[in-house]
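Just coords_4.cif here, mmCIF, C-alpha atoms:
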data_upload
loop_
_atom_site.group_PDB
_atom_site.id
_atom_site.type_symbol
_atom_site.label_atom_id
_atom_site.label_comp_id
_atom_site.auth_asym_id
_atom_site.auth_seq_id
_atom_site.Cartn_x
_atom_site.Cartn_y
_atom_site.Cartn_z
ATOM 1 C CA MET J 39 -28.461 154.949 -114.894
ATOM 2 C CA ARG J 40 -27.285 157.023 -117.859
ATOM 3 C CA PHE J 41 -24.044 155.083 -117.872
ATOM 4 C CA LEU J 42 -25.972 151.804 -117.812
ATOM 5 C CA THR J 43 -28.078 152.922 -120.799
ATOM 6 C CA TRP J 44 -24.920 153.934 -122.674
ATOM 7 C CA LEU J 45 -23.329 150.594 -121.837
ATOM 8 C CA LEU J 46 -26.382 148.656 -123.063
ATOM 9 C CA ARG J 47 -26.440 150.621 -126.310
ATOM 10 C CA ALA J 48 -22.747 150.107 -126.851
ATOM 11 C CA PHE J 49 -22.980 146.360 -126.430
ATOM 12 C CA ALA J 50 -26.484 145.615 -127.697
ATOM 13 C CA GLY J 51 -26.850 148.008 -130.608
ATOM 14 C CA SER J 52 -28.806 151.242 -130.703
ATOM 15 C CA GLY J 53 -31.495 150.165 -128.235
ATOM 16 C CA SER J 54 -34.174 150.784 -130.835
ATOM 17 C CA LYS J 55 -35.935 147.969 -132.687
ATOM 18 C CA PRO J 56 -33.640 146.282 -135.255
ATOM 19 C CA LYS J 57 -34.311 147.504 -138.810
ATOM 20 C CA VAL J 58 -33.865 144.071 -140.360
ATOM 21 C CA PRO J 59 -36.522 141.433 -139.515
ATOM 22 C CA ALA J 60 -35.314 138.261 -137.815
ATOM 23 C CA THR J 61 -36.767 135.947 -140.452
ATOM 24 C CA VAL J 62 -36.092 136.150 -144.176
ATOM 25 C CA GLY J 63 -39.200 136.596 -146.303
ATOM 26 C CA GLU J 64 -39.777 134.768 -149.568
ATOM 27 C CA ASN J 65 -39.778 137.940 -151.645
ATOM 28 C CA GLU J 66 -36.714 139.439 -150.044
ATOM 29 C CA PRO J 67 -33.954 140.483 -152.420
ATOM 30 C CA LEU J 68 -30.547 139.063 -151.535
ATOM 31 C CA THR J 69 -27.064 139.517 -152.877
ATOM 32 C CA ARG J 70 -23.838 137.559 -152.810
ATOM 33 C CA TYR J 71 -20.803 139.842 -152.883
ATOM 34 C CA LEU J 72 -18.143 138.580 -155.296
ATOM 35 C CA PHE J 73 -14.509 139.334 -154.504
ATOM 36 C CA LEU J 74 -12.704 136.803 -156.683
ATOM 37 C CA LYS J 75 -12.102 137.260 -160.415
ATOM 38 C CA ASP J 76 -12.813 133.623 -161.166
ATOM 39 C CA HIS J 77 -16.322 133.951 -159.733
ATOM 40 C CA VAL J 78 -17.377 136.268 -162.531
ATOM 41 C CA HIS J 79 -17.497 136.190 -166.332
ATOM 42 C CA PRO J 80 -17.966 139.890 -167.140
ATOM 43 C CA LYS J 81 -18.092 139.406 -170.930
ATOM 44 C CA LYS J 82 -20.955 136.930 -170.702
ATOM 45 C CA ARG J 83 -22.385 138.794 -167.702
ATOM 46 C CA MET J 84 -22.566 135.504 -165.817
ATOM 47 C CA VAL J 85 -21.834 134.328 -162.306
ATOM 48 C CA LEU J 86 -19.795 131.119 -161.968
ATOM 49 C CA PRO J 87 -21.456 128.340 -159.941
ATOM 50 C CA ARG J 88 -18.421 128.092 -157.639
ATOM 51 C CA ALA J 89 -19.310 131.555 -156.291
ATOM 52 C CA PHE J 90 -22.269 130.014 -154.450
ATOM 53 C CA LEU J 91 -20.634 126.893 -153.019
ATOM 54 C CA PRO J 92 -20.746 126.873 -149.204
ATOM 55 C CA ASP J 93 -17.693 127.322 -146.995
ATOM 56 C CA LEU J 94 -16.418 124.592 -144.700
ATOM 57 C CA ARG J 95 -19.120 125.403 -142.121
ATOM 58 C CA GLY J 96 -21.730 124.709 -144.773
ATOM 59 C CA GLU J 97 -22.689 128.365 -145.163
ATOM 60 C CA THR J 98 -22.820 130.743 -148.119
ATOM 61 C CA SER J 99 -22.560 134.294 -146.868
ATOM 62 C CA ILE J 100 -25.051 136.785 -148.333
ATOM 63 C CA CYS J 101 -26.547 140.210 -147.694
ATOM 64 C CA ARG J 102 -30.238 141.078 -147.297
ATOM 65 C CA THR J 103 -30.849 144.157 -149.405
ATOM 66 C CA LEU J 104 -34.531 144.956 -148.832
ATOM 67 C CA GLY J 105 -35.017 148.729 -148.730
ATOM 68 C CA LEU J 106 -31.359 149.523 -149.406
ATOM 69 C CA SER J 107 -30.283 151.909 -152.159
ATOM 70 C CA GLU J 108 -27.794 150.720 -154.795
ATOM 71 C CA ASN J 109 -25.127 152.921 -153.222
ATOM 72 C CA LYS J 110 -25.742 151.485 -149.794
ATOM 73 C CA ILE J 111 -25.562 147.903 -151.132
ATOM 74 C CA TRP J 112 -22.188 148.565 -152.784
ATOM 75 C CA ASN J 113 -20.934 150.410 -149.702
ATOM 76 C CA ILE J 114 -21.712 147.445 -147.455
ATOM 77 C CA GLY J 115 -19.811 145.126 -149.799
ATOM 78 C CA ASN J 116 -16.840 147.437 -149.879
ATOM 79 C CA ARG J 117 -16.507 147.685 -146.125
ATOM 80 C CA ILE J 118 -16.864 144.019 -145.116
ATOM 81 C CA ARG J 119 -13.397 143.219 -146.490
ATOM 82 C CA ARG J 120 -10.173 145.004 -147.261
ATOM 83 C CA ASP J 121 -10.564 144.165 -150.954
ATOM 84 C CA PRO J 122 -13.137 146.043 -152.994
ATOM 85 C CA VAL J 123 -16.147 144.065 -154.162
ATOM 86 C CA LEU J 124 -15.779 143.133 -157.854
ATOM 87 C CA ALA J 125 -19.416 142.325 -158.535
ATOM 88 C CA ARG J 126 -22.672 141.188 -156.995
ATOM 89 C CA ALA J 127 -24.977 138.286 -157.696
ATOM 90 C CA ASP J 128 -28.541 139.454 -156.971
ATOM 91 C CA PHE J 129 -31.353 136.966 -156.445
ATOM 92 C CA LEU J 130 -34.564 136.422 -154.481
ATOM 93 C CA ALA J 131 -34.939 134.372 -151.308
ATOM 94 C CA ALA J 132 -37.717 132.466 -153.114
ATOM 95 C CA THR J 133 -35.072 130.902 -155.379
ATOM 96 C CA VAL J 134 -33.216 129.544 -152.361
ATOM 97 C CA PHE J 135 -36.404 128.169 -150.786
ATOM 98 C CA ARG J 136 -37.435 126.514 -154.073
ATOM 99 C CA LEU J 137 -34.149 124.585 -153.966
ATOM 100 C CA LYS J 138 -34.967 123.354 -150.422
ATOM 101 C CA LEU J 139 -32.195 125.434 -148.910
ATOM 102 C CA ARG J 140 -32.673 127.877 -146.029
ATOM 103 C CA VAL J 141 -31.674 131.463 -145.428
ATOM 104 C CA ASP J 142 -30.795 132.205 -141.817
ATOM 105 C CA ALA J 143 -30.340 135.760 -140.623
ATOM 106 C CA ALA J 144 -26.834 136.087 -139.195
ATOM 107 C CA PRO J 145 -26.470 139.737 -138.195
ATOM 108 C CA GLU J 146 -23.010 140.886 -137.256
ATOM 109 C CA LYS J 147 -21.701 143.992 -135.562
ATOM 110 C CA ASP J 148 -22.046 146.832 -138.078
ATOM 111 C CA TYR J 149 -23.540 144.389 -140.604
ATOM 112 C CA GLU J 150 -27.090 143.642 -139.531
ATOM 113 C CA GLN J 151 -28.115 142.609 -143.076
ATOM 114 C CA HIS J 152 -25.779 139.596 -143.026
ATOM 115 C CA ALA J 153 -27.393 136.194 -143.631
ATOM 116 C CA VAL J 154 -26.280 132.716 -144.677
ATOM 117 C CA ILE J 155 -27.626 130.084 -147.037
ATOM 118 C CA VAL J 156 -27.613 126.767 -145.176
ATOM 119 C CA GLY J 157 -28.986 123.249 -145.517
ATOM 120 C CA TRP J 158 -26.564 122.135 -148.248
ATOM 121 C CA PRO J 159 -26.468 118.391 -149.050
ATOM 122 C CA ALA J 160 -23.444 116.283 -148.156
ATOM 123 C CA GLU J 161 -22.634 115.100 -151.695
ATOM 124 C CA LYS J 162 -20.412 117.427 -153.690
ATOM 125 C CA HIS J 163 -22.284 116.894 -156.970
ATOM 126 C CA ALA J 164 -25.602 117.754 -155.295
ATOM 127 C CA ARG J 165 -24.079 120.940 -153.840
ATOM 128 C CA LYS J 166 -22.722 121.813 -157.278
ATOM 129 C CA MET J 167 -26.166 121.331 -158.820
ATOM 130 C CA LEU J 168 -27.686 123.783 -156.344
ATOM 131 C CA ALA J 169 -24.826 126.218 -156.932
ATOM 132 C CA VAL J 170 -25.476 125.980 -160.682
ATOM 133 C CA GLU J 171 -29.175 126.717 -160.115
ATOM 134 C CA LEU J 172 -28.441 129.699 -157.878
ATOM 135 C CA SER J 173 -25.811 131.136 -160.209
ATOM 136 C CA GLN J 174 -28.151 130.894 -163.182
ATOM 137 C CA ALA J 175 -31.051 132.468 -161.300
ATOM 138 C CA ALA J 176 -28.839 135.330 -160.130
ATOM 139 C CA THR J 177 -28.310 138.578 -161.966
ATOM 140 C CA LEU J 178 -24.749 139.825 -162.201
ATOM 141 C CA GLN J 179 -24.330 143.431 -161.116
ATOM 142 C CA LEU J 180 -21.086 145.222 -161.861
ATOM 143 C CA PRO J 181 -19.987 148.474 -160.223
ATOM 144 C CA VAL J 182 -20.722 151.526 -162.370
ATOM 145 C CA ASN J 183 -17.003 152.228 -162.827
ATOM 146 C CA ALA J 184 -16.159 148.592 -163.793
ATOM 147 C CA MET F 287 -3.919 114.974 -200.358
ATOM 148 C CA SER F 288 -3.511 118.711 -200.043
ATOM 149 C CA ALA F 289 -1.640 120.865 -197.599
ATOM 150 C CA VAL F 290 -1.633 124.492 -196.589
ATOM 151 C CA ALA F 291 1.698 126.173 -195.920
ATOM 152 C CA VAL F 292 1.405 129.296 -193.833
ATOM 153 C CA HIS F 293 4.195 131.865 -194.022
ATOM 154 C CA PRO F 294 5.773 132.339 -190.553
ATOM 155 C CA GLY F 295 5.276 136.096 -190.750
ATOM 156 C CA TYR F 296 1.589 135.804 -191.630
ATOM 157 C CA PRO F 297 -0.673 137.489 -189.074
ATOM 158 C CA LEU F 298 -2.679 134.427 -188.087
ATOM 159 C CA PHE F 299 -5.298 135.916 -185.848
ATOM 160 C CA THR F 300 -6.416 138.820 -187.988
ATOM 161 C CA ARG F 301 -9.453 138.895 -190.211
ATOM 162 C CA THR F 302 -8.841 137.462 -193.664
ATOM 163 C CA VAL F 303 -10.617 138.474 -196.825
ATOM 164 C CA ASN F 304 -10.709 136.225 -199.864
ATOM 165 C CA THR F 305 -10.980 138.219 -203.066
ATOM 166 C CA GLY F 306 -10.882 135.087 -205.223
ATOM 167 C CA TYR F 307 -13.967 133.823 -207.009
ATOM 168 C CA SER F 308 -13.122 130.334 -208.289
ATOM 169 C CA GLN F 309 -14.057 127.052 -206.624
ATOM 170 C CA GLU F 310 -10.338 126.414 -205.975
ATOM 171 C CA SER F 311 -10.118 129.740 -204.212
ATOM 172 C CA ARG F 312 -13.089 128.858 -201.999
ATOM 173 C CA ASP F 313 -11.636 125.430 -201.200
ATOM 174 C CA LEU F 314 -8.365 127.078 -200.255
ATOM 175 C CA GLN F 315 -10.235 129.581 -198.093
ATOM 176 C CA ASP F 316 -11.931 126.718 -196.210
ATOM 177 C CA LYS F 317 -8.597 124.961 -195.660
ATOM 178 C CA VAL F 318 -6.934 128.139 -194.383
ATOM 179 C CA ALA F 319 -9.910 128.772 -192.087
ATOM 180 C CA SER F 320 -9.547 125.227 -190.727
ATOM 181 C CA VAL F 321 -5.830 125.762 -190.020
ATOM 182 C CA PHE F 322 -6.565 129.057 -188.261
ATOM 183 C CA HIS F 323 -9.256 127.328 -186.223
ATOM 184 C CA GLN F 324 -6.747 124.705 -185.009
ATOM 185 C CA PHE F 325 -4.250 127.428 -184.062
ATOM 186 C CA ARG F 326 -6.915 129.313 -182.130
ATOM 187 C CA LYS F 327 -8.005 126.163 -180.294
ATOM 188 C CA ARG F 328 -4.413 125.392 -179.349
ATOM 189 C CA ALA F 329 -3.905 128.935 -178.046
ATOM 190 C CA ASP F 330 -7.182 128.616 -176.155
ATOM 191 C CA ARG F 331 -6.000 125.411 -174.426
ATOM 192 C CA GLU F 332 -2.630 127.000 -173.572
ATOM 193 C CA GLN F 333 -4.572 129.802 -171.914
ATOM 194 C CA ALA F 334 -6.518 127.210 -169.910
ATOM 195 C CA PHE F 335 -3.257 125.730 -168.580
ATOM 196 C CA ASP F 336 -2.131 129.234 -167.580
ATOM 197 C CA ASP F 337 -5.479 129.800 -165.839
ATOM 198 C CA LEU F 338 -5.080 126.515 -163.969
ATOM 199 C CA ALA F 339 -1.584 127.481 -162.797
ATOM 200 C CA GLN F 340 -2.918 130.848 -161.642
ATOM 201 C CA ALA F 341 -5.845 129.278 -159.771
ATOM 202 C CA LEU F 342 -3.535 126.807 -158.016
ATOM 203 C CA GLN F 343 -1.170 129.618 -157.095
ATOM 204 C CA GLN F 344 -4.076 131.511 -155.542
ATOM 205 C CA GLY F 345 -5.165 128.370 -153.689
ATOM 206 C CA ARG F 346 -1.787 127.976 -152.012
ATOM 207 C CA ALA F 347 -2.269 131.168 -149.990
ATOM 208 C CA GLY F 348 -3.933 130.588 -146.625
ATOM 209 C CA ASN F 349 -7.625 131.533 -146.385
ATOM 210 C CA TRP F 350 -7.585 132.509 -150.062
ATOM 211 C CA ASP F 351 -11.324 133.200 -150.207
ATOM 212 C CA HIS F 352 -11.522 134.896 -146.770
ATOM 213 C CA TYR F 353 -14.092 132.273 -145.708
ATOM 214 C CA GLY F 354 -11.590 129.665 -144.525
ATOM 215 C CA ALA F 355 -11.224 127.787 -147.819
ATOM 216 C CA VAL F 356 -9.090 124.647 -148.003
ATOM 217 C CA LEU F 357 -5.651 124.994 -149.612
ATOM 218 C CA ALA F 358 -5.107 123.444 -153.029
ATOM 219 C CA THR F 359 -2.690 120.557 -152.509
ATOM 220 C CA ASP F 360 0.019 119.251 -154.845
ATOM 221 C CA ALA F 361 -2.035 116.081 -155.294
ATOM 222 C CA THR F 362 -5.037 118.140 -156.408
ATOM 223 C CA ALA F 363 -2.798 120.085 -158.807
ATOM 224 C CA GLN F 364 -1.540 116.863 -160.380
ATOM 225 C CA VAL F 365 -5.035 115.472 -160.882
ATOM 226 C CA ALA F 366 -6.278 118.795 -162.283
ATOM 227 C CA TYR F 367 -3.411 118.945 -164.808
ATOM 228 C CA ARG F 368 -4.151 115.361 -165.843
ATOM 229 C CA PHE F 369 -7.822 116.221 -166.301
ATOM 230 C CA LEU F 370 -7.103 119.272 -168.454
ATOM 231 C CA SER F 371 -4.534 117.340 -170.503
ATOM 232 C CA ALA F 372 -7.039 114.561 -171.124
ATOM 233 C CA LEU F 373 -9.777 116.884 -172.408
ATOM 234 C CA PRO F 374 -10.396 116.153 -176.092
ATOM 235 C CA SER F 375 -9.200 118.989 -178.324
ATOM 236 C CA THR F 376 -12.636 118.988 -179.922
ATOM 237 C CA LEU F 377 -14.124 120.417 -176.719
ATOM 238 C CA PRO F 378 -13.877 124.114 -175.921
ATOM 239 C CA SER F 379 -11.543 125.022 -173.076
ATOM 240 C CA PRO F 380 -13.185 125.556 -169.690
ATOM 241 C CA ASN F 381 -13.148 128.462 -167.289
ATOM 242 C CA ILE F 382 -11.000 127.389 -164.322
ATOM 243 C CA GLY F 383 -11.096 128.263 -160.639
ATOM 244 C CA LEU F 384 -11.085 126.841 -157.140
ATOM 245 C CA ASP F 385 -13.908 125.582 -154.945
ATOM 246 C CA PRO F 386 -13.943 126.382 -151.214
ATOM 247 C CA ASP F 387 -13.044 122.736 -150.460
ATOM 248 C CA GLY F 388 -9.757 123.095 -152.370
ATOM 249 C CA GLU F 389 -10.910 121.229 -155.471
ATOM 250 C CA VAL F 390 -10.402 122.661 -158.944
ATOM 251 C CA SER F 391 -13.522 123.422 -160.919
ATOM 252 C CA PHE F 392 -13.736 123.449 -164.702
ATOM 253 C CA ASP F 393 -16.745 125.332 -166.019
ATOM 254 C CA TRP F 394 -18.253 125.752 -169.479
ATOM 255 C CA LEU F 395 -20.594 128.700 -169.877
ATOM 256 C CA ALA F 396 -22.575 128.631 -173.098
ATOM 257 C CA GLY F 397 -25.059 131.312 -172.032
ATOM 258 C CA LYS F 398 -27.568 132.096 -169.327
ATOM 259 C CA GLY F 399 -29.117 128.817 -168.157
ATOM 260 C CA ARG F 400 -26.645 126.681 -170.122
ATOM 261 C CA VAL F 401 -23.731 125.803 -167.867
ATOM 262 C CA PHE F 402 -21.722 122.714 -167.056
ATOM 263 C CA SER F 403 -19.291 122.395 -164.160
ATOM 264 C CA VAL F 404 -16.871 119.626 -163.115
ATOM 265 C CA SER F 405 -14.830 119.598 -159.916
ATOM 266 C CA ILE F 406 -11.916 117.355 -159.108
ATOM 267 C CA GLY F 407 -9.624 117.014 -156.129
ATOM 268 C CA GLU F 408 -6.950 114.706 -154.809
ATOM 269 C CA SER F 409 -9.416 111.810 -154.413
ATOM 270 C CA GLY F 410 -9.566 111.681 -158.208
ATOM 271 C CA ARG F 411 -13.352 111.598 -158.121
ATOM 272 C CA LEU F 412 -15.174 113.957 -160.489
ATOM 273 C CA SER F 413 -18.315 115.738 -159.322
ATOM 274 C CA TYR F 414 -20.335 117.322 -162.100
ATOM 275 C CA ALA F 415 -23.496 119.353 -162.476
ATOM 276 C CA GLY F 416 -25.047 121.078 -165.433
ATOM 277 C CA MET F 417 -28.031 123.009 -166.686
ATOM 278 C CA PHE F 418 -28.954 122.707 -170.344
ATOM 279 C CA GLY F 419 -31.926 125.034 -170.593
ATOM 280 C CA PRO F 420 -35.055 125.474 -168.469
ATOM 281 C CA GLY F 421 -35.712 122.405 -166.317
ATOM 282 C CA LYS F 422 -32.968 120.345 -167.972
ATOM 283 C CA THR F 423 -30.318 119.442 -165.440
ATOM 284 C CA ALA F 424 -27.881 116.613 -164.716
ATOM 285 C CA HIS F 425 -25.496 115.907 -161.883
ATOM 286 C CA GLY F 426 -23.470 113.006 -160.567
ATOM 287 C CA SER F 427 -20.069 111.646 -159.731
ATOM 288 C CA GLU F 428 -17.566 109.579 -161.732
ATOM 289 C CA PRO F 429 -14.087 108.195 -161.138
ATOM 290 C CA PHE F 430 -11.296 109.808 -163.160
ATOM 291 C CA ASP F 431 -8.631 107.412 -164.426
ATOM 292 C CA ASP F 432 -6.875 109.660 -166.955
ATOM 293 C CA ALA F 433 -9.747 109.318 -169.405
ATOM 294 C CA ILE F 434 -12.553 111.870 -169.456
ATOM 295 C CA PRO F 435 -15.805 110.004 -168.687
ATOM 296 C CA ASN F 436 -18.250 109.908 -171.590
ATOM 297 C CA VAL F 437 -20.930 111.601 -169.517
ATOM 298 C CA VAL F 438 -18.699 114.665 -169.082
ATOM 299 C CA ILE F 439 -17.984 114.884 -172.823
ATOM 300 C CA ALA F 440 -21.676 114.431 -173.604
ATOM 301 C CA CYS F 441 -22.671 117.161 -171.149
ATOM 302 C CA VAL F 442 -20.204 119.681 -172.611
ATOM 303 C CA ARG F 443 -21.472 118.875 -176.119
ATOM 304 C CA ARG F 444 -25.060 119.204 -174.896
ATOM 305 C CA LEU F 445 -24.394 122.889 -174.210
ATOM 306 C CA GLY F 446 -24.281 123.382 -177.972
ATOM 307 C CA PHE F 447 -21.080 125.382 -178.331
ATOM 308 C CA GLN F 448 -20.443 126.476 -181.890
ATOM 309 C CA ALA F 449 -17.144 125.072 -183.219
#
Translate this structure into C-alpha cells?
Amino acid sequence: MRFLTWLLRAFAGSGSKPKVPATVGENEPLTRYLFLKDHVHPKKRMVLPRAFLPDLRGETSICRTLGLSENKIWNIGNRIRRDPVLARADFLAATVFRLKLRVDAAPEKDYEQHAVIVGWPAEKHARKMLAVELSQAATLQLPVNA
Amino acid sequence: MSAVAVHPGYPLFTRTVNTGYSQESRDLQDKVASVFHQFRKRADREQAFDDLAQALQQGRAGNWDHYGAVLATDATAQVAYRFLSALPSTLPSPNIGLDPDGEVSFDWLAGKGRVFSVSIGESGRLSYAGMFGPGKTAHGSEPFDDAIPNVVIACVRRLGFQA
C-alpha cells in the first residue's frame, strides 16, 4: 500500500490539492518569458509585438504568477530553458479576454503555472494586431542585474 | 547653389558648437546639421541591413525560438532585403526580427502605445498592424511588388517620429 501511494505521488504529483486553480481568473497576473534579444527594446522599455505571436500550434506560452514572489517568477523562467530569461512581459488575463482570446491552463511536470494563450485568428494581420495590443498592454520587466 | 565640404578627418558624430553670431554663420550651421543628419540616417539604414542579416542567420538554425518556429528561407530573405531596400530614406529604420512562422518583421516603436509592425515572407504579401495611441489601430494585408505600399508609409508617418 505504501508503495502504491509512493507510485501515485511520483506519477500524479504530490497527492495534495494542486496549488494553481484549473481555470484562469480575469484578474490573474500573467507573464511571458522573453528569451530572444529581438523581442525586447530595453532602451525604450518596450516589448516587441512579435514576442506574443503564437507558435505553429496556435499557442503563446505564458506563466501564471498569482501569489509568486519576484524571485520565484524569475527562477521559473530561468529553469524552463537552458538559456537564461532576458526579460518578462507582465500583463493581466483581463487584457487577453478583452481581445477575445483565451487563456488555457497547461500545467507541465515541475511547471504547474504554465498556461497558453489560444484562440488566435487565421489571418496573419489579425494575429499581428492582437500581438500589438498585448505587447503594448504588457509591462517590460528586466532582471535586477540587467 | 551652395555646398558644404566636410573635411575627411572631421568627427562627424560628435556634438558641434557654433560660436558664430552672423546670419551666414547660422545658415552654415543649418546646412552642416542637415549633412550630419543624412550621414546619421545612412548609418542607421546600414545598421538595419546588419540587423536583418543577423535575424536571418538566427532563423536558419532549427527550432530557433525553442517553440518549433519555421526556418527563414532564402526566398523570405530575398523579399525582406527587397522590402528594406525599398523603404524611403525619409522613414526611420525599423527594428528587425523574425516571427514564429519564419517571416521577417519590421517594427517601428515610437513610444508606449505607438507601434507599427509589418511582416513579410516568401509569398511576398505584407501583413501589417499598428497602434497610434489609445483606441487608434489599423491592420491589413497588401501585396509587395518592390514598392512600399502607401498605407505602410502613411502608418509609419502616423507614429509621429521626429526627423
- Item | Hits from the PyMOL selection byres ((chain J) within 6 of (chain F)), listed as a ChimeraX atom specification | /J:76,88,93,163,166-167,174
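Going from CA of Cys101 (chain J) to CA of Asp142 (chain J) covers 10.8 Å.
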Quick one: axis-aligned box around all listed atoms of region 101-116 of chain J, 3 Å on every side, centre and edge lengths in Å to one decimal, written as lines of an AutoDock Vina configuration file.
center_x = -25.9
center_y = 146.6
center_z = -151.0
size_x = 24.2
size_y = 18.7
size_z = 13.5
- Query: Interatomic distance between CA of Leu74 (chain J) and CA of Gln344 (chain F)?
  - Reply: 10.2 Å
- Starting from the displayed file, determine the output of the PyMOL selection byres ((chain J and resi 91) around 10) and express the residue list as an NGL selection string. (:J and (86-90 or 92-94 or 96-99 or 155 or 158 or 162 or 165-170 or 172-173)) or (:F and (385-387))
- Query: Which distance in Å separates CA of Ser320 (chain F) and CA of Leu338 (chain F), to one decimal?
  - Reply: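 Rounded to one decimal, the two atoms are 27.2 Å apart.
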Polymer residues at most 8 Å from Glu389 (chain F), all atoms listed in the file, same-chain spacing of 5 or more positions, as an mmCIF file with C-alpha atoms, in the frame of the given file:
data_model
loop_
_atom_site.group_PDB
_atom_site.id
_atom_site.type_symbol
_atom_site.label_atom_id
_atom_site.label_comp_id
_atom_site.auth_asym_id
_atom_site.auth_seq_id
_atom_site.Cartn_x
_atom_site.Cartn_y
_atom_site.Cartn_z
ATOM 1 C CA ALA F 358 -5.107 123.444 -153.029
ATOM 2 C CA THR F 362 -5.037 118.140 -156.408
ATOM 3 C CA LEU F 384 -11.085 126.841 -157.140
ATOM 4 C CA SER F 405 -14.830 119.598 -159.916
ATOM 5 C CA ILE F 406 -11.916 117.355 -159.108
ATOM 6 C CA GLY F 407 -9.624 117.014 -156.129
ATOM 7 C CA GLU F 408 -6.950 114.706 -154.809
#
- Item | Of the listed residues F:Leu357, F:Arg346, F:Ser311, F:Gln340, that which approaches Lys75 (chain J) most closely, counting all atoms listed in the file |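 Between F:Leu357, F:Arg346, F:Ser311, F:Gln340, the residue approaching Lys75 (chain J) most closely is F:Gln340.
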- Item | Result set, the PyMOL selection byres ((chain F and resi 365) around 10) on current file, as an MDAnalysis selection string | chainID F and resid 360:364 366:371 389:390 406:411 430:432
- Query: Which residue gives the smallest distance to Gly345 (chain F) among F:Asn304, F:Thr359, F:Arg443, F:Ser375, with all atoms listed in the file counted?
  - Reply: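 Of F:Asn304, F:Thr359, F:Arg443, F:Ser375, the one nearest Gly345 (chain F) is F:Thr359, counting all atoms listed in the file.
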